[in-house]
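Structure data follow from protein-v4.cif (mmCIF, C-alpha atoms):
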data_run
loop_
_atom_site.group_PDB
_atom_site.id
_atom_site.type_symbol
_atom_site.label_atom_id
_atom_site.label_comp_id
_atom_site.auth_asym_id
_atom_site.auth_seq_id
_atom_site.Cartn_x
_atom_site.Cartn_y
_atom_site.Cartn_z
ATOM 1 C CA MET A 1 94.788 72.727 89.982
ATOM 2 C CA GLU A 2 91.112 73.408 90.547
ATOM 3 C CA HIS A 3 89.704 74.445 93.910
ATOM 4 C CA GLU A 4 86.080 74.219 94.878
ATOM 5 C CA LEU A 5 84.320 76.999 96.739
ATOM 6 C CA ASP A 6 81.696 76.071 99.300
ATOM 7 C CA LYS A 7 78.083 76.706 98.422
ATOM 8 C CA LYS A 8 77.932 80.190 99.928
ATOM 9 C CA ASN A 9 77.826 83.139 97.583
ATOM 10 C CA TRP A 10 81.208 84.727 98.402
ATOM 11 C CA ASN A 11 82.361 88.121 97.153
ATOM 12 C CA LEU A 12 85.896 89.452 97.505
ATOM 13 C CA PHE A 13 86.575 93.194 97.435
ATOM 14 C CA VAL A 14 90.107 94.586 97.597
ATOM 15 C CA SER A 15 91.104 98.244 97.617
ATOM 16 C CA VAL A 16 94.724 99.407 97.665
ATOM 17 C CA TYR A 17 95.750 102.858 98.910
ATOM 18 C CA GLU A 18 99.269 104.098 98.187
ATOM 19 C CA THR A 19 98.894 107.652 99.443
ATOM 20 C CA THR A 20 100.023 106.941 103.004
ATOM 21 C CA ASP A 21 103.202 105.371 101.619
ATOM 22 C CA ARG A 22 103.992 108.238 99.261
ATOM 23 C CA PHE A 23 103.372 110.908 101.887
ATOM 24 C CA GLN A 24 105.752 109.235 104.336
ATOM 25 C CA HIS A 25 108.471 108.858 101.713
ATOM 26 C CA MET A 26 108.323 112.565 100.893
ATOM 27 C CA PHE A 27 107.346 114.295 104.149
ATOM 28 C CA TYR A 28 109.174 112.280 106.802
ATOM 29 C CA ARG A 29 111.957 114.860 107.058
ATOM 30 C CA LEU A 30 109.405 117.369 108.302
ATOM 31 C CA ILE A 31 108.499 115.283 111.360
ATOM 32 C CA ASP A 32 112.097 114.395 112.255
ATOM 33 C CA PRO A 33 114.180 117.332 113.549
ATOM 34 C CA ARG A 34 117.266 115.057 113.429
ATOM 35 C CA HIS A 35 116.960 114.645 109.674
ATOM 36 C CA PRO A 36 119.745 116.539 107.841
ATOM 37 C CA TYR A 37 117.153 117.926 105.410
ATOM 38 C CA TYR A 38 114.727 119.057 108.119
ATOM 39 C CA ASP A 39 113.297 122.516 107.495
ATOM 40 C CA ALA A 40 111.551 124.179 110.414
ATOM 41 C CA ASP A 41 109.665 126.647 108.211
ATOM 42 C CA LEU A 42 108.360 123.900 105.937
ATOM 43 C CA ALA A 43 107.559 121.770 108.968
ATOM 44 C CA ALA A 44 105.402 124.573 110.332
ATOM 45 C CA SER A 45 103.343 124.489 107.134
ATOM 46 C CA TYR A 46 103.422 120.810 106.162
ATOM 47 C CA GLY A 47 104.515 118.936 109.276
ATOM 48 C CA ASN A 48 101.026 117.483 109.739
ATOM 49 C CA ALA A 49 100.786 116.113 106.204
ATOM 50 C CA ILE A 50 101.437 112.490 107.211
ATOM 51 C CA ARG A 51 99.031 112.699 110.145
ATOM 52 C CA ASP A 52 96.356 114.257 107.974
ATOM 53 C CA VAL A 53 96.551 111.608 105.258
ATOM 54 C CA TYR A 54 96.157 108.913 107.918
ATOM 55 C CA ILE A 55 93.083 110.719 109.212
ATOM 56 C CA GLN A 56 91.593 110.549 105.726
ATOM 57 C CA ALA A 57 92.515 106.879 105.437
ATOM 58 C CA ASP A 58 90.843 106.222 108.782
ATOM 59 C CA LYS A 59 87.679 107.907 107.510
ATOM 60 C CA ILE A 60 87.651 105.493 104.560
ATOM 61 C CA VAL A 61 87.930 102.570 106.986
ATOM 62 C CA GLY A 62 85.052 103.986 109.025
ATOM 63 C CA LYS A 63 82.890 104.381 105.922
ATOM 64 C CA ALA A 64 83.568 100.791 104.849
ATOM 65 C CA MET A 65 82.665 99.504 108.309
ATOM 66 C CA GLU A 66 79.165 100.952 107.905
ATOM 67 C CA TYR A 67 78.478 98.202 105.376
ATOM 68 C CA ILE A 68 79.843 95.299 107.424
ATOM 69 C CA ASP A 69 77.540 92.639 108.861
ATOM 70 C CA ASP A 70 78.100 89.410 110.785
ATOM 71 C CA ASN A 71 78.840 87.525 107.568
ATOM 72 C CA THR A 72 81.559 89.937 106.478
ATOM 73 C CA THR A 73 85.262 89.505 107.131
ATOM 74 C CA PHE A 74 86.997 92.880 107.138
ATOM 75 C CA MET A 75 90.773 93.339 107.223
ATOM 76 C CA VAL A 76 93.054 96.377 106.999
ATOM 77 C CA VAL A 77 96.592 95.313 106.146
ATOM 78 C CA SER A 78 99.824 97.260 105.635
ATOM 79 C CA ASP A 79 102.830 95.402 104.289
ATOM 80 C CA HIS A 80 105.428 97.431 106.236
ATOM 81 C CA GLY A 81 106.073 100.245 108.657
ATOM 82 C CA PHE A 82 108.229 103.332 108.111
ATOM 83 C CA HIS A 83 111.447 104.973 109.295
ATOM 84 C CA SER A 84 113.316 108.219 108.955
ATOM 85 C CA PHE A 85 115.938 107.915 106.218
ATOM 86 C CA ARG A 86 118.623 110.254 107.585
ATOM 87 C CA LYS A 87 121.775 108.675 106.192
ATOM 88 C CA SER A 88 122.646 106.336 103.347
ATOM 89 C CA VAL A 89 125.254 103.583 103.645
ATOM 90 C CA ASN A 90 127.398 102.538 100.674
ATOM 91 C CA ILE A 91 127.774 98.786 101.080
ATOM 92 C CA ASN A 92 130.052 98.276 98.066
ATOM 93 C CA THR A 93 132.368 100.888 99.557
ATOM 94 C CA TRP A 94 132.423 98.921 102.815
ATOM 95 C CA LEU A 95 133.203 95.725 100.902
ATOM 96 C CA VAL A 96 136.192 97.405 99.238
ATOM 97 C CA GLN A 97 137.440 98.890 102.506
ATOM 98 C CA ASN A 98 137.262 95.484 104.188
ATOM 99 C CA GLY A 99 138.929 93.492 101.435
ATOM 100 C CA TYR A 100 135.912 91.678 99.977
ATOM 101 C CA MET A 101 135.776 93.680 96.754
ATOM 102 C CA TYR A 102 138.872 94.487 94.702
ATOM 103 C CA LEU A 103 139.294 97.451 92.365
ATOM 104 C CA HIS A 104 141.635 97.643 89.422
ATOM 105 C CA GLY A 105 144.624 99.745 90.449
ATOM 106 C CA MET A 106 144.646 98.751 94.130
ATOM 107 C CA GLU A 107 147.913 96.924 93.572
ATOM 108 C CA ASP A 108 149.510 100.148 92.327
ATOM 109 C CA LYS A 109 150.797 101.990 95.412
ATOM 110 C CA THR A 110 150.746 105.309 93.565
ATOM 111 C CA TYR A 111 146.951 105.283 93.928
ATOM 112 C CA THR A 112 144.846 105.683 97.047
ATOM 113 C CA LEU A 113 141.407 104.155 97.379
ATOM 114 C CA ASN A 114 139.863 107.571 96.842
ATOM 115 C CA ASP A 115 141.508 107.645 93.417
ATOM 116 C CA LEU A 116 139.784 104.382 92.507
ATOM 117 C CA PHE A 117 136.297 104.997 93.909
ATOM 118 C CA ASP A 118 133.301 106.609 92.221
ATOM 119 C CA LYS A 119 133.925 105.500 88.637
ATOM 120 C CA GLY A 120 130.257 104.915 87.808
ATOM 121 C CA GLN A 121 127.519 102.341 88.238
ATOM 122 C CA PHE A 122 127.372 98.546 87.994
ATOM 123 C CA TRP A 123 130.756 97.907 89.621
ATOM 124 C CA VAL A 124 132.873 99.882 87.190
ATOM 125 C CA ASN A 125 136.583 99.283 87.852
ATOM 126 C CA THR A 126 135.938 96.031 89.769
ATOM 127 C CA ASP A 127 138.431 93.205 89.429
ATOM 128 C CA TRP A 128 136.181 90.140 89.599
ATOM 129 C CA THR A 129 139.087 87.718 89.691
ATOM 130 C CA LYS A 130 139.877 88.987 93.215
ATOM 131 C CA THR A 131 136.402 90.042 94.413
ATOM 132 C CA LYS A 132 134.699 87.840 97.015
ATOM 133 C CA ALA A 133 131.363 89.647 97.393
ATOM 134 C CA TYR A 134 129.359 92.528 95.944
ATOM 135 C CA ALA A 135 126.200 94.438 96.848
ATOM 136 C CA LEU A 136 123.184 95.084 94.668
ATOM 137 C CA GLY A 137 119.639 96.211 95.319
ATOM 138 C CA LEU A 138 118.117 97.234 98.620
ATOM 139 C CA GLY A 139 120.421 95.655 101.169
ATOM 140 C CA GLN A 140 121.395 92.452 99.373
ATOM 141 C CA ILE A 141 124.920 91.037 99.245
ATOM 142 C CA TYR A 142 125.922 88.336 96.771
ATOM 143 C CA ILE A 143 128.920 86.036 97.108
ATOM 144 C CA ASN A 144 131.071 85.790 93.973
ATOM 145 C CA LEU A 145 130.248 82.098 93.841
ATOM 146 C CA GLN A 146 131.866 79.534 91.577
ATOM 147 C CA GLY A 147 129.353 77.957 89.209
ATOM 148 C CA ARG A 148 126.888 80.822 89.502
ATOM 149 C CA GLU A 149 128.880 83.974 88.797
ATOM 150 C CA LYS A 150 130.748 84.317 85.526
ATOM 151 C CA GLN A 151 134.080 84.825 87.293
ATOM 152 C CA GLY A 152 133.198 83.271 90.643
ATOM 153 C CA ILE A 153 136.114 82.602 92.991
ATOM 154 C CA ILE A 154 134.388 81.341 96.173
ATOM 155 C CA ALA A 155 133.764 77.589 96.297
ATOM 156 C CA PRO A 156 130.329 76.367 97.405
ATOM 157 C CA GLY A 157 130.083 74.616 100.732
ATOM 158 C CA GLU A 158 132.554 75.346 103.514
ATOM 159 C CA ASP A 159 134.252 78.356 101.864
ATOM 160 C CA TYR A 160 130.881 79.897 101.053
ATOM 161 C CA ALA A 161 129.552 79.448 104.616
ATOM 162 C CA LYS A 162 132.772 80.718 106.182
ATOM 163 C CA LEU A 163 132.662 83.908 104.099
ATOM 164 C CA GLN A 164 129.024 84.478 105.022
ATOM 165 C CA ASP A 165 129.864 84.197 108.725
ATOM 166 C CA GLU A 166 132.857 86.506 108.391
ATOM 167 C CA ILE A 167 130.922 89.270 106.619
ATOM 168 C CA ILE A 168 128.015 88.981 109.070
ATOM 169 C CA SER A 169 130.361 89.252 112.045
ATOM 170 C CA LYS A 170 131.899 92.460 110.724
ATOM 171 C CA LEU A 171 128.658 94.083 109.552
ATOM 172 C CA LYS A 172 126.510 93.428 112.630
ATOM 173 C CA GLY A 173 126.673 96.402 114.907
ATOM 174 C CA LEU A 174 128.519 98.530 112.325
ATOM 175 C CA LYS A 175 128.855 102.026 113.804
ATOM 176 C CA ASP A 176 128.294 105.403 112.227
ATOM 177 C CA PRO A 177 131.826 106.876 111.999
ATOM 178 C CA GLU A 178 130.455 110.316 112.891
ATOM 179 C CA THR A 179 128.049 109.567 115.760
ATOM 180 C CA GLY A 180 128.913 106.046 116.921
ATOM 181 C CA GLU A 181 125.307 104.912 116.438
ATOM 182 C CA THR A 182 124.671 101.323 115.372
ATOM 183 C CA MET A 183 123.758 101.324 111.687
ATOM 184 C CA ILE A 184 123.052 97.621 111.115
ATOM 185 C CA LEU A 185 120.986 95.539 113.523
ATOM 186 C CA ASP A 186 121.354 92.156 111.867
ATOM 187 C CA VAL A 187 122.388 90.316 108.712
ATOM 188 C CA TYR A 188 120.495 87.239 107.510
ATOM 189 C CA LYS A 189 121.736 84.224 105.582
ATOM 190 C CA ARG A 190 119.961 83.169 102.413
ATOM 191 C CA ASP A 191 119.074 79.676 103.620
ATOM 192 C CA ASP A 192 117.591 81.033 106.848
ATOM 193 C CA ILE A 193 115.028 83.279 105.136
ATOM 194 C CA TYR A 194 114.401 81.823 101.672
ATOM 195 C CA HIS A 195 113.404 78.426 100.364
ATOM 196 C CA GLY A 196 112.100 76.836 97.195
ATOM 197 C CA GLU A 197 113.434 75.746 93.843
ATOM 198 C CA TYR A 198 114.803 79.191 92.925
ATOM 199 C CA ILE A 199 116.756 79.772 96.128
ATOM 200 C CA GLY A 200 119.996 79.761 94.101
ATOM 201 C CA ASN A 201 118.967 83.125 92.636
ATOM 202 C CA ALA A 202 118.342 84.717 96.034
ATOM 203 C CA PRO A 203 120.862 87.065 97.681
ATOM 204 C CA ASP A 204 123.342 85.296 99.913
ATOM 205 C CA LEU A 205 123.018 87.884 102.677
ATOM 206 C CA MET A 206 120.260 90.335 103.572
ATOM 207 C CA ILE A 207 121.102 93.401 105.676
ATOM 208 C CA GLY A 208 118.693 94.741 108.305
ATOM 209 C CA PHE A 209 119.422 98.437 108.925
ATOM 210 C CA ASN A 210 118.663 100.391 112.073
ATOM 211 C CA GLU A 211 116.372 103.409 112.384
ATOM 212 C CA GLY A 212 117.760 106.392 110.456
ATOM 213 C CA TYR A 213 120.024 104.391 108.118
ATOM 214 C CA ARG A 214 119.256 102.886 104.731
ATOM 215 C CA VAL A 215 121.223 101.311 101.930
ATOM 216 C CA SER A 216 122.342 104.027 99.503
ATOM 217 C CA TRP A 217 120.862 104.639 96.078
ATOM 218 C CA GLN A 218 124.366 104.102 94.665
ATOM 219 C CA THR A 219 124.505 100.617 96.177
ATOM 220 C CA THR A 220 121.266 99.610 94.455
ATOM 221 C CA LEU A 221 122.985 100.136 91.100
ATOM 222 C CA GLY A 222 126.418 98.780 91.916
ATOM 223 C CA GLY A 223 128.031 102.131 92.660
ATOM 224 C CA ILE A 224 131.191 102.442 94.775
ATOM 225 C CA PRO A 225 131.413 106.025 96.136
ATOM 226 C CA LYS A 226 134.277 107.396 98.216
ATOM 227 C CA ASP A 227 132.366 107.800 101.484
ATOM 228 C CA LEU A 228 130.906 104.964 103.512
ATOM 229 C CA VAL A 229 128.084 107.063 105.013
ATOM 230 C CA GLU A 230 126.409 110.125 103.482
ATOM 231 C CA ASN A 231 123.693 112.479 104.697
ATOM 232 C CA ASN A 232 120.416 112.049 102.848
ATOM 233 C CA MET A 233 119.686 115.463 101.386
ATOM 234 C CA LYS A 234 116.721 114.347 99.297
ATOM 235 C CA LYS A 235 113.010 114.932 99.713
ATOM 236 C CA TRP A 236 112.687 111.134 99.667
ATOM 237 C CA SER A 237 113.334 111.206 103.392
ATOM 238 C CA GLY A 238 111.396 108.262 104.807
ATOM 239 C CA ASP A 239 111.624 104.616 103.830
ATOM 240 C CA HIS A 240 111.084 100.982 104.740
ATOM 241 C CA CYS A 241 113.364 99.192 102.272
ATOM 242 C CA SER A 242 116.392 97.424 103.816
ATOM 243 C CA TYR A 243 115.384 98.263 107.411
ATOM 244 C CA ASP A 244 115.444 95.321 109.774
ATOM 245 C CA TYR A 245 112.096 93.565 109.713
ATOM 246 C CA THR A 246 111.960 93.379 113.516
ATOM 247 C CA ILE A 247 111.532 97.161 113.740
ATOM 248 C CA THR A 248 109.449 97.642 110.569
ATOM 249 C CA SER A 249 106.167 95.939 111.335
ATOM 250 C CA GLY A 250 103.043 97.099 109.554
ATOM 251 C CA VAL A 251 99.484 97.392 110.868
ATOM 252 C CA PHE A 252 96.775 94.736 110.892
ATOM 253 C CA LEU A 253 93.149 95.361 111.859
ATOM 254 C CA SER A 254 90.237 92.953 111.624
ATOM 255 C CA ASN A 255 86.617 92.740 112.739
ATOM 256 C CA LYS A 256 87.208 89.123 113.795
ATOM 257 C CA LYS A 257 89.282 87.820 116.668
ATOM 258 C CA ILE A 258 92.529 86.271 115.469
ATOM 259 C CA SER A 259 93.919 82.993 116.741
ATOM 260 C CA ARG A 260 97.359 84.171 117.860
ATOM 261 C CA ALA A 261 99.164 87.220 119.206
ATOM 262 C CA ASN A 262 101.729 87.779 116.456
ATOM 263 C CA PRO A 263 100.230 87.595 112.972
ATOM 264 C CA LYS A 264 102.619 87.684 110.016
ATOM 265 C CA ILE A 265 102.100 89.072 106.541
ATOM 266 C CA TRP A 266 102.352 85.599 105.020
ATOM 267 C CA ASP A 267 99.285 84.615 107.051
ATOM 268 C CA ILE A 268 97.045 86.946 105.044
ATOM 269 C CA ALA A 269 96.771 84.813 101.887
ATOM 270 C CA PRO A 270 95.853 81.593 103.751
ATOM 271 C CA THR A 271 93.324 83.592 105.775
ATOM 272 C CA VAL A 272 91.665 84.928 102.624
ATOM 273 C CA PHE A 273 91.620 81.503 100.985
ATOM 274 C CA LYS A 274 90.037 79.897 104.035
ATOM 275 C CA THR A 275 87.435 82.665 104.244
ATOM 276 C CA LEU A 276 86.513 82.022 100.604
ATOM 277 C CA GLY A 277 86.306 78.295 101.241
ATOM 278 C CA ILE A 278 89.346 77.430 99.162
ATOM 279 C CA SER A 279 91.416 74.590 100.544
ATOM 280 C CA ASN A 280 94.269 72.257 99.601
ATOM 281 C CA LEU A 281 96.548 75.010 98.352
ATOM 282 C CA PRO A 282 100.202 73.888 98.378
ATOM 283 C CA ASN A 283 103.343 75.861 99.190
ATOM 284 C CA LEU A 284 101.800 78.479 101.465
ATOM 285 C CA ASP A 285 104.099 79.618 104.258
ATOM 286 C CA GLY A 286 101.462 81.062 106.568
ATOM 287 C CA LYS A 287 98.365 79.786 108.360
ATOM 288 C CA PRO A 288 94.834 81.204 108.632
ATOM 289 C CA LEU A 289 94.406 83.722 111.420
ATOM 290 C CA PHE A 290 90.826 82.709 112.182
#
I'd like the structure from this file rewritten - as structure tokens, please.
Amino acid sequence: MEHELDKKNWNLFVSVYETTDRFQHMFYRLIDPRHPYYDADLAASYGNAIRDVYIQADKIVGKAMEYIDDNTTFMVVSDHGFHSFRKSVNINTWLVQNGYMYLHGMEDKTYTLNDLFDKGQFWVNTDWTKTKAYALGLGQIYINLQGREKQGIIAPGEDYAKLQDEIISKLKGLKDPETGETMILDVYKRDDIYHGEYIGNAPDLMIGFNEGYRVSWQTTLGGIPKDLVENNMKKWSGDHCSYDYTITSGVFLSNKKISRANPKIWDIAPTVFKTLGISNLPNLDGKPLF
């Protein structure tokens, strides 16, 4: 499909900076005294690292603004916010503990669950003929669905929807067994957040974690450790993946007044296209901001 630009001589310049992201991933523990890997001595030396990199980023914005005139549209966009990653949550472990995932040997009363956990990655020791759901990636849960999974046991339709509701009900408000804090703020159904011709490949549930908690690295690779919750003792101490979107907003700045109070990230592409004079683009979720 061809799109015509208007007769103005438009130029588009895009610059991507990853440094703010990397600094927050690695230095967040030094600005959060509650983090299990917090080090007061290191914080005294490097606790301003995140602040300082934002100061440098702000200087870049200021320099760019020196070249802006009335015909220039200028936007600063971040695709997410950040949180302290204090504890990791093993979702496959939770699924086993709550009867949604079945491990080989569970029927043998001579074994305890601890004997059967932690056998490796990619759901080692999982009995798929009895497993209803499994976790993969950064907060995604998949139903072991008939017709999609090789050994699917959950029928599409009513059984599928009922299982979604049941898992959501149990996961929402899940408490930290040590502190009693809420670890999961919400869980979202596939059909409520995705659409399009490839929706069948999307996760059936998406978990939104609370501040301080993130899906474990083991979960991303199909691991099933013994413990449900573990302290994060890694330098990778800040994150945005799997946190609930309602508490993980990014930053948006523009030199033009926007048309509504709550811009969304999917509004950026339509805004750019409109600014460049490109119209009639199908399948865009957002709307121009000005």
Shortest interatomic distance to A:Lys256 - which of A:Phe85, A:Phe74, A:Trp236, A:Tyr28, counting all atoms listed in the file: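 For A:Lys256, the nearest of the given residues is A:Phe74.
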Residues matched by the PyMOL selection byres ((chain A and resi 124) around 12) as a PyMOL selection string: chain A and resi 92+101-104+116-123+125-128+134+221-225
Let's have the selection written as a short mmCIF file (atom, residue, chain, number, x, y, z; two decimals), keeping the file's coordinate frame, with C-alpha atoms.
data_model
loop_
_atom_site.label_atom_id
_atom_site.label_comp_id
_atom_site.auth_asym_id
_atom_site.auth_seq_id
_atom_site.Cartn_x
_atom_site.Cartn_y
_atom_site.Cartn_z
CA ASN A 92 130.05 98.28 98.07
CA MET A 101 135.78 93.68 96.75
CA TYR A 102 138.87 94.49 94.70
CA LEU A 103 139.29 97.45 92.36
CA HIS A 104 141.64 97.64 89.42
CA LEU A 116 139.78 104.38 92.51
CA PHE A 117 136.30 105.00 93.91
CA ASP A 118 133.30 106.61 92.22
CA LYS A 119 133.93 105.50 88.64
CA GLY A 120 130.26 104.92 87.81
CA GLN A 121 127.52 102.34 88.24
CA PHE A 122 127.37 98.55 87.99
CA TRP A 123 130.76 97.91 89.62
CA ASN A 125 136.58 99.28 87.85
CA THR A 126 135.94 96.03 89.77
CA ASP A 127 138.43 93.20 89.43
CA TRP A 128 136.18 90.14 89.60
CA TYR A 134 129.36 92.53 95.94
CA LEU A 221 122.98 100.14 91.10
CA GLY A 222 126.42 98.78 91.92
CA GLY A 223 128.03 102.13 92.66
CA ILE A 224 131.19 102.44 94.78
CA PRO A 225 131.41 106.02 96.14
#
Reference answer for the PyMOL selection byres ((chain A and resi 155-160) around 12), as a list of chain:residue names: A:Lys132, A:Ala133, A:Tyr142, A:Ile143, A:Asn144, A:Leu145, A:Gln146, A:Gly147, A:Arg148, A:Glu149, A:Gln151, A:Gly152, A:Ile153, A:Ile154, A:Ala161, A:Lys162, A:Leu163, A:Gln164, A:Asp165, A:Glu166, A:Ile167, A:Lys189, A:Arg190, A:Gly200, A:Asp204, A:Leu205
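Atom to atom, atom CA of A:Phe209 and atom CA of A:Ser242 stand 6.0 Å apart.
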Neighbour list for A:Leu12 as a list of chain:residue names, cut-off 10 Å, all atoms listed in the file, skip fewer than 6 positions in-chain: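 In the requested form, the answer reads A:Thr72, A:Thr73, A:Val272, A:Thr275, A:Leu276.
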Once the PyMOL selection byres ((chain A and resi 193) around 12) has been applied to the shown file, what residues remain in the selection, as a compact mmCIF listing (two decimals) with C-alpha atoms, in the coordinates of the input?
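What landed in selection_20.txt:
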# COMPACT_ATOMS: atom_id res chain seq x y z
CA VAL A 187 122.39 90.32 108.71
CA TYR A 188 120.50 87.24 107.51
CA LYS A 189 121.74 84.22 105.58
CA ARG A 190 119.96 83.17 102.41
CA ASP A 191 119.07 79.68 103.62
CA ASP A 192 117.59 81.03 106.85
CA TYR A 194 114.40 81.82 101.67
CA HIS A 195 113.40 78.43 100.36
CA GLY A 196 112.10 76.84 97.20
CA ILE A 199 116.76 79.77 96.13
CA ALA A 202 118.34 84.72 96.03
CA PRO A 203 120.86 87.06 97.68
CA ASP A 204 123.34 85.30 99.91
CA LEU A 205 123.02 87.88 102.68
CA MET A 206 120.26 90.34 103.57
CA ILE A 207 121.10 93.40 105.68
CA TYR A 245 112.10 93.56 109.71
CA ASP A 285 104.10 79.62 104.26
Straight-line distance linking atom CA of A:Val16 with atom CA of A:Thr248, stated in Å to one decimal: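 These two atoms are separated by 19.7 Å.
Of the residues listed (A:Asn231, A:Thr20, A:Asn210, A:Thr246), A:Asn231 shows the shortest atom-to-atom separation from A:Glu178; distances use all atoms listed in the file.
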Interatomic distance (Å, one decimal) between atom CA of A:Tyr213 and atom CA of A:Lys87: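 Distance between the two atoms: 5.0 Å.
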Shell of 7 Å around A:Leu185, all atoms listed in the file, local chain residues under 2 positions omitted, as a ChimeraX atom specification: /A:172-173,183,208-210,244
Which centre and edge lengths in Å to one decimal define the box along x, y and z that fits every listed atom of stretch 222-228 of chain A plus 6 Å per side, as AutoDock Vina command-line options?
--center_x 130.3 --center_y 103.3 --center_z 97.7 --size_x 19.9 --size_y 21.0 --size_z 23.6
Which of A:Ser45, A:Thr220, A:Ser237, A:Asn262 sits closest to A:Leu138 [using only C-alpha atoms]: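 Ranking A:Ser45, A:Thr220, A:Ser237, A:Asn262 by distance to A:Leu138, first place goes to A:Thr220.
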Selection near A:His80, 10 Å with only C-alpha atoms, sequence-local residues under 6 positions removed, as a list in words: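 So, after excluding close chain neighbours, the residues are Asp21, Asp239, His240, Cys241, Tyr245, Ile247, Thr248, Ser249, Gly250, Val251 and Ile265 of chain A.
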Nearest to A:Ile258 by atom-to-atom distance, counting only C-alpha atoms, from A:Gly212, A:Pro282, A:Pro270, A:Pro288: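 Distance minimum relative to A:Ile258 lands on A:Pro288.
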Taking the structure in the block just given, could you write stretch 21-51 of chain A with C-alpha atoms, as a PDB file, in the first residue's frame?
ATOM      1  CA  ASP A  21      17.443   1.605  31.065  1.00  0.00           C
ATOM      2  CA  ARG A  22      20.714  -0.224  31.667  1.00  0.00           C
ATOM      3  CA  PHE A  23      21.671   1.934  34.639  1.00  0.00           C
ATOM      4  CA  GLN A  24      18.337   1.285  36.349  1.00  0.00           C
ATOM      5  CA  HIS A  25      18.566  -2.460  35.771  1.00  0.00           C
ATOM      6  CA  MET A  26      21.995  -2.595  37.401  1.00  0.00           C
ATOM      7  CA  PHE A  27      21.985   0.161  40.037  1.00  0.00           C
ATOM      8  CA  TYR A  28      18.441   0.062  41.404  1.00  0.00           C
ATOM      9  CA  ARG A  29      19.516  -1.926  44.464  1.00  0.00           C
ATOM     10  CA  LEU A  30      21.654   1.019  45.523  1.00  0.00           C
ATOM     11  CA  ILE A  31      18.678   3.386  45.779  1.00  0.00           C
ATOM     12  CA  ASP A  32      16.405   0.898  47.561  1.00  0.00           C
ATOM     13  CA  PRO A  33      17.440   0.096  51.156  1.00  0.00           C
ATOM     14  CA  ARG A  34      14.744  -2.631  51.212  1.00  0.00           C
ATOM     15  CA  HIS A  35      16.458  -4.545  48.426  1.00  0.00           C
ATOM     16  CA  PRO A  36      18.068  -7.765  49.745  1.00  0.00           C
ATOM     17  CA  TYR A  37      21.230  -6.948  47.773  1.00  0.00           C
ATOM     18  CA  TYR A  38      21.469  -3.350  48.999  1.00  0.00           C
ATOM     19  CA  ASP A  39      24.991  -2.338  49.983  1.00  0.00           C
ATOM     20  CA  ALA A  40      25.337   0.853  51.991  1.00  0.00           C
ATOM     21  CA  ASP A  41      29.027   1.283  51.155  1.00  0.00           C
ATOM     22  CA  LEU A  42      28.414   0.898  47.427  1.00  0.00           C
ATOM     23  CA  ALA A  43      25.385   3.162  47.691  1.00  0.00           C
ATOM     24  CA  ALA A  44      27.574   5.867  49.195  1.00  0.00           C
ATOM     25  CA  SER A  45      29.796   5.726  46.110  1.00  0.00           C
ATOM     26  CA  TYR A  46      27.340   4.897  43.323  1.00  0.00           C
ATOM     27  CA  GLY A  47      23.894   5.670  44.711  1.00  0.00           C
ATOM     28  CA  ASN A  48      23.560   8.710  42.443  1.00  0.00           C
ATOM     29  CA  ALA A  49      24.376   6.812  39.255  1.00  0.00           C
ATOM     30  CA  ILE A  50      20.762   6.647  38.039  1.00  0.00           C
ATOM     31  CA  ARG A  51      20.141  10.304  38.865  1.00  0.00           C
TER      32      ARG A  51
END
